[in-house]
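Inspection log for the structure reproduced underneath, given as structure tokens.
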Amino acid sequence: MFLFGTNLKMHQTPHQTRAFIHALRERLTAVPNAGQAALWIAPPYTSIEAAAEAAQGSPIMIGAQNMHWADEGAFTGEISPPMLKACGAEFVMLGHAERRTLFGETDDALNKKVLAAARHGLKIMLCVGEPSAVKEAGAGADYVAQQLKLDLRGFEAFDRLLVLYEPIWSVGAGGTPADPTYVSSAFDNIRCVLRHLCGAAGESVPLLYGGSVDAANCAQYARLAQAAGMGVGRAGWNVESFIAVLTNALAARQLHATKTT
Ligand code: PGA
């Protein structure tokens with residue numbers, strides 16, 4: 001299964017998300033090999049319930065973009081794991097580049113969130129990635145290894161973990177899509193750290209790439225042997241574009257599989 005999806009960031013009302021998912025479901029029927037894709041969407045909190053309803057009976061998994069680690073309490077403006085589950089979220093994205101850079105999310109807080117998500121049976125899409133200065137210094141691998149080690153301290157539910165590698169310099173408007181060979185070595189590094197952290201269970205944690213992925217460049221990432229999927233931001237917020245990226249990614253995967261067998 002190719003794990004393909006979008007983080008809607010701060011876009012779409014519940015009504016718009018419902019319409020988006022209904023339209024996607026309709027268009028999916030015409031995508032070649034759509035059965036090989038497991039889709040995911042992370043809408044804003046306010047759209048999760050509408051999204052979960054609209055996705056019912058489809059291969060689309062709905063998740064949140066963040067959460068607090070406590071079940072409840074005096075944490076104004078925060079949302080807890082049981083609240084997400086009650087709205088129909090199956091997974092939570094944690095440590096997105098924008099949360100780390102714009103909202104000062106620390107590895108310490110992320111560790112608490114990761115453990116809380118595991119405790120509540122949510123799947124965890126842990127986002128890791130280095131800033132550009134770290135890349136320029138050739139220290140990207142160490143930086144990402146440290147994020148993984150700190151964020152996953154005491155974590156054991158590796159069967160519920162996905163890792164989304166999104167170098168900070170590749171995310172959002174003005175971002176540069178990463179070179180696929182760079183992504184490939186980042187994946188090898190992540191796999192190596194996961195193996196070190198949890199032994200054999202680390203082998204099967206799905207690794208995804210994200211950061212300025214679009215219909216024109218997605219094939220080069222989809223063809224990477226280590227890529228279990230990808231995360232799309234801007235190119236995923238419109239039905240036509242979501243379907244175009246998915247179609248091209250699946251076609252590239254298919255072609256690659258045919259060539260290597
Ligand atoms: P982008 O966003 O595709 O717009 O660069 C990616 C992300 O934030 O997941």
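Chain labels run A, B, ... following the order of the structure tokens; each chain numbers its residues from 1, and ligands are numbered from 1 in the order shown.
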
Ligand 1: which residues are within 9 Å, counting only C-alpha atoms and all ligand atoms, as a ChimeraX atom specification? /A:6-9,96-98,127,164,166,168,170-177,209-214,230-236

Residues near Cys87 (chain A), cut-off 9 Å, only C-alpha atoms, skip fewer than 6 positions along chain, as a VMD selection string: chain A and resid 45 48 to 50 52

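Using only C-alpha atoms, the shortest contact distance between Trp40 (chain A) and any of A:Leu197, A:Met83, A:Leu246, A:Ala215 is found at A:Leu246.
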
May I have the residues within 12 Å of region 184-189 of chain A as a VMD selection string, using only C-alpha atoms and disregarding those fewer than 5 positions away in the same chain? chain A and resid 128 to 130 135 138 to 146 148 163 to 167 178 to 179 194 to 196 202 to 203 205 to 209 220 to 229

So that I can check the surroundings of His120 (chain A), please list as a PyMOL selection string every protein, DNA and RNA residue that reaches within 12 Å of it, counting only C-alpha atoms and ignoring chain neighbours fewer than 3 positions away. chain A and resi 69-71+80-86+89-92+113-117+123-124+157+160

To one decimal place, how far is CA of Leu250 (chain A) from CA of Thr29 (chain A) in Å? 13.9 Å

Residues of region 61-209 of chain A classed as strand (DSSP E) by DSSP on the backbone are to be reported as a PyMOL selection string. chain A and resi 61-64+91-94+123-128+161-165+207-209

Kindly export the residues of the current selection with N, CA and C atoms, as a JSON list (two decimals), in the first residue's frame.
```
[["chain", "number", "residue", "atom", "x", "y", "z"],
["A", 61, "MET", "N", -8.00, 7.68, 5.60],
["A", 61, "MET", "CA", -7.84, 7.74, 7.06],
["A", 61, "MET", "C", -7.75, 9.22, 7.45],
["A", 62, "ILE", "N", -8.46, 9.57, 8.51],
["A", 62, "ILE", "CA", -8.49, 10.97, 8.95],
["A", 62, "ILE", "C", -7.66, 11.15, 10.23],
["A", 63, "GLY", "N", -6.91, 12.22, 10.27],
["A", 63, "GLY", "CA", -6.09, 12.47, 11.46],
["A", 63, "GLY", "C", -6.00, 13.94, 11.78],
["A", 64, "ALA", "N", -5.37, 14.23, 12.91],
["A", 64, "ALA", "CA", -5.22, 15.62, 13.34],
["A", 64, "ALA", "C", -3.80, 16.11, 13.04],
["A", 91, "PHE", "N", -5.39, 8.98, 13.38],
["A", 91, "PHE", "CA", -3.95, 9.23, 13.56],
["A", 91, "PHE", "C", -3.74, 10.69, 13.95],
["A", 92, "VAL", "N", -2.54, 10.96, 14.43],
["A", 92, "VAL", "CA", -2.18, 12.35, 14.71],
["A", 92, "VAL", "C", -0.79, 12.61, 14.15],
["A", 93, "MET", "N", -0.69, 13.76, 13.50],
["A", 93, "MET", "CA", 0.59, 14.19, 12.96],
["A", 93, "MET", "C", 1.29, 14.94, 14.10],
["A", 94, "LEU", "N", 2.52, 14.62, 14.38],
["A", 94, "LEU", "CA", 3.23, 15.30, 15.46],
["A", 94, "LEU", "C", 4.58, 15.81, 14.98],
["A", 123, "LYS", "N", -2.67, 6.24, 15.72],
["A", 123, "LYS", "CA", -1.46, 6.08, 14.90],
["A", 123, "LYS", "C", -0.73, 7.42, 14.95],
["A", 124, "ILE", "N", 0.59, 7.37, 14.85],
["A", 124, "ILE", "CA", 1.39, 8.58, 14.97],
["A", 124, "ILE", "C", 2.18, 8.80, 13.69],
["A", 125, "MET", "N", 1.97, 9.97, 13.10],
["A", 125, "MET", "CA", 2.79, 10.35, 11.95],
["A", 125, "MET", "C", 3.80, 11.37, 12.47],
["A", 126, "LEU", "N", 4.98, 10.88, 12.80],
["A", 126, "LEU", "CA", 6.00, 11.76, 13.37],
["A", 126, "LEU", "C", 6.78, 12.44, 12.24],
["A", 127, "CYS", "N", 6.78, 13.77, 12.26],
["A", 127, "CYS", "CA", 7.48, 14.53, 11.22],
["A", 127, "CYS", "C", 8.86, 14.91, 11.72],
["A", 128, "VAL", "N", 9.85, 14.65, 10.90],
["A", 128, "VAL", "CA", 11.23, 15.03, 11.24],
["A", 128, "VAL", "C", 11.85, 15.72, 10.03],
["A", 161, "LEU", "N", 3.49, 3.51, 14.32],
["A", 161, "LEU", "CA", 4.29, 4.69, 13.97],
["A", 161, "LEU", "C", 4.53, 4.79, 12.46],
["A", 162, "LEU", "N", 4.43, 6.02, 11.95],
["A", 162, "LEU", "CA", 4.86, 6.33, 10.58],
["A", 162, "LEU", "C", 5.80, 7.52, 10.72],
["A", 163, "VAL", "N", 6.82, 7.58, 9.89],
["A", 163, "VAL", "CA", 7.73, 8.73, 9.94],
["A", 163, "VAL", "C", 7.65, 9.48, 8.61],
["A", 164, "LEU", "N", 7.33, 10.77, 8.72],
["A", 164, "LEU", "CA", 7.25, 11.63, 7.54],
["A", 164, "LEU", "C", 8.49, 12.54, 7.55],
["A", 165, "TYR", "N", 9.39, 12.28, 6.60],
["A", 165, "TYR", "CA", 10.61, 13.10, 6.51],
["A", 165, "TYR", "C", 10.32, 14.32, 5.65],
["A", 207, "LEU", "N", 8.10, 4.84, 5.95],
["A", 207, "LEU", "CA", 8.79, 6.13, 5.80],
["A", 207, "LEU", "C", 8.18, 6.88, 4.62],
["A", 208, "LEU", "N", 7.81, 8.14, 4.86],
["A", 208, "LEU", "CA", 7.18, 8.96, 3.83],
["A", 208, "LEU", "C", 8.02, 10.22, 3.59],
["A", 209, "TYR", "N", 7.92, 10.74, 2.38],
["A", 209, "TYR", "CA", 8.59, 12.01, 2.11],
["A", 209, "TYR", "C", 7.55, 13.10, 1.89]]
```

Give me the residues within 7 Å of Leu39 (chain A) as an MDAnalysis selection string, counting only C-alpha atoms and dropping any in the same chain fewer than 4 places off. chainID A and resid 3:5 59:61

Emit the selected residues as a PDB file, in the first residue's frame, including N, CA, C and O atoms.
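Result went into again_34.pdb, see below:
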```pdb
ATOM      1  N   LEU A   3       1.120   4.988   0.978  1.00  0.00           N
ATOM      2  CA  LEU A   3       0.437   5.902   1.906  1.00  0.00           C
ATOM      3  C   LEU A   3       0.519   7.328   1.368  1.00  0.00           C
ATOM      4  O   LEU A   3       1.560   7.970   1.450  1.00  0.00           O
ATOM      5  N   PHE A   4      -0.579   7.772   0.827  1.00  0.00           N
ATOM      6  CA  PHE A   4      -0.577   9.071   0.165  1.00  0.00           C
ATOM      7  C   PHE A   4      -1.605   9.991   0.816  1.00  0.00           C
ATOM      8  O   PHE A   4      -2.763   9.604   1.014  1.00  0.00           O
ATOM      9  N   GLY A   5      -1.191  11.212   1.131  1.00  0.00           N
ATOM     10  CA  GLY A   5      -2.184  12.088   1.746  1.00  0.00           C
ATOM     11  C   GLY A   5      -1.758  13.525   1.843  1.00  0.00           C
ATOM     12  O   GLY A   5      -0.670  13.910   1.396  1.00  0.00           O
ATOM     13  N   PRO A  59     -11.146   4.304   1.617  1.00  0.00           N
ATOM     14  CA  PRO A  59      -9.782   4.025   2.113  1.00  0.00           C
ATOM     15  C   PRO A  59      -9.080   5.286   2.616  1.00  0.00           C
ATOM     16  O   PRO A  59      -7.858   5.366   2.588  1.00  0.00           O
ATOM     17  N   ILE A  60      -9.835   6.268   3.081  1.00  0.00           N
ATOM     18  CA  ILE A  60      -9.226   7.524   3.546  1.00  0.00           C
ATOM     19  C   ILE A  60      -9.201   7.552   5.068  1.00  0.00           C
ATOM     20  O   ILE A  60     -10.244   7.448   5.719  1.00  0.00           O
ATOM     21  N   MET A  61      -8.003   7.682   5.601  1.00  0.00           N
ATOM     22  CA  MET A  61      -7.844   7.740   7.058  1.00  0.00           C
ATOM     23  C   MET A  61      -7.745   9.221   7.454  1.00  0.00           C
ATOM     24  O   MET A  61      -7.054   9.999   6.807  1.00  0.00           O
TER      25      MET A  61
END
```

Extract, using only C-alpha atoms, all DNA, RNA and protein residues at most 10 Å from Arg27 (chain A), discarding same-chain residues fewer than 6 positions from it, and format them as a list of chain:residue names. A:Ile21, A:Val239, A:Glu240, A:Phe242, A:Ile243

Got time to write the residues from that selection, all heavy atoms, as a compact mmCIF listing (two decimals), in the first residue's frame?
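Okay, this is what ended up in out-v9.txt:
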```txt
# COMPACT_ATOMS: atom_id res chain seq x y z
N ILE A 21 -13.79 15.80 0.32
CA ILE A 21 -13.67 14.34 0.43
C ILE A 21 -14.68 13.63 -0.47
O ILE A 21 -14.36 12.63 -1.12
CB ILE A 21 -13.77 13.91 1.91
CG1 ILE A 21 -12.53 14.43 2.64
CG2 ILE A 21 -13.92 12.40 2.05
CD1 ILE A 21 -12.50 14.18 4.12
N VAL A 239 -8.95 19.19 -5.46
CA VAL A 239 -9.24 17.81 -5.86
C VAL A 239 -8.46 17.43 -7.12
O VAL A 239 -7.83 16.36 -7.17
CB VAL A 239 -10.76 17.62 -6.08
CG1 VAL A 239 -11.06 16.23 -6.58
CG2 VAL A 239 -11.51 17.90 -4.80
N GLU A 240 -8.48 18.30 -8.13
CA GLU A 240 -7.80 17.99 -9.40
C GLU A 240 -6.32 17.71 -9.15
O GLU A 240 -5.75 16.74 -9.66
CB GLU A 240 -7.88 19.19 -10.36
CG GLU A 240 -9.28 19.51 -10.85
CD GLU A 240 -9.99 18.29 -11.40
OE1 GLU A 240 -9.35 17.55 -12.19
OE2 GLU A 240 -11.14 18.05 -11.03
N PHE A 242 -4.78 16.99 -6.24
CA PHE A 242 -4.59 15.81 -5.40
C PHE A 242 -4.60 14.56 -6.28
O PHE A 242 -3.72 13.70 -6.20
CB PHE A 242 -5.72 15.74 -4.35
CG PHE A 242 -5.59 14.61 -3.35
CD1 PHE A 242 -5.21 14.84 -2.05
CD2 PHE A 242 -5.90 13.30 -3.72
CE1 PHE A 242 -5.11 13.80 -1.11
CE2 PHE A 242 -5.80 12.25 -2.80
CZ PHE A 242 -5.41 12.51 -1.50
N ILE A 243 -5.59 14.48 -7.15
CA ILE A 243 -5.74 13.30 -8.02
C ILE A 243 -4.58 13.21 -9.01
O ILE A 243 -4.07 12.12 -9.28
CB ILE A 243 -7.11 13.35 -8.76
CG1 ILE A 243 -8.27 13.21 -7.75
CG2 ILE A 243 -7.20 12.29 -9.86
CD1 ILE A 243 -8.41 11.83 -7.10
```

What parts of region 161-249 of chain A does DSSP call alpha helix (DSSP H)? I'd like the answer as a VMD selection string. chain A and resid 180 to 198 218 to 222 239 to 249

Counting only C-alpha atoms, which of A:Ala251, A:Gly104, A:Ile190, A:Ala55 gets nearest to Ala23 (chain A)? A:Ala55

Using only C-alpha atoms: which of A:His68, A:Glu136, A:Phe75, A:Asn33 has the shortest distance to Lys112 (chain A): A:His68
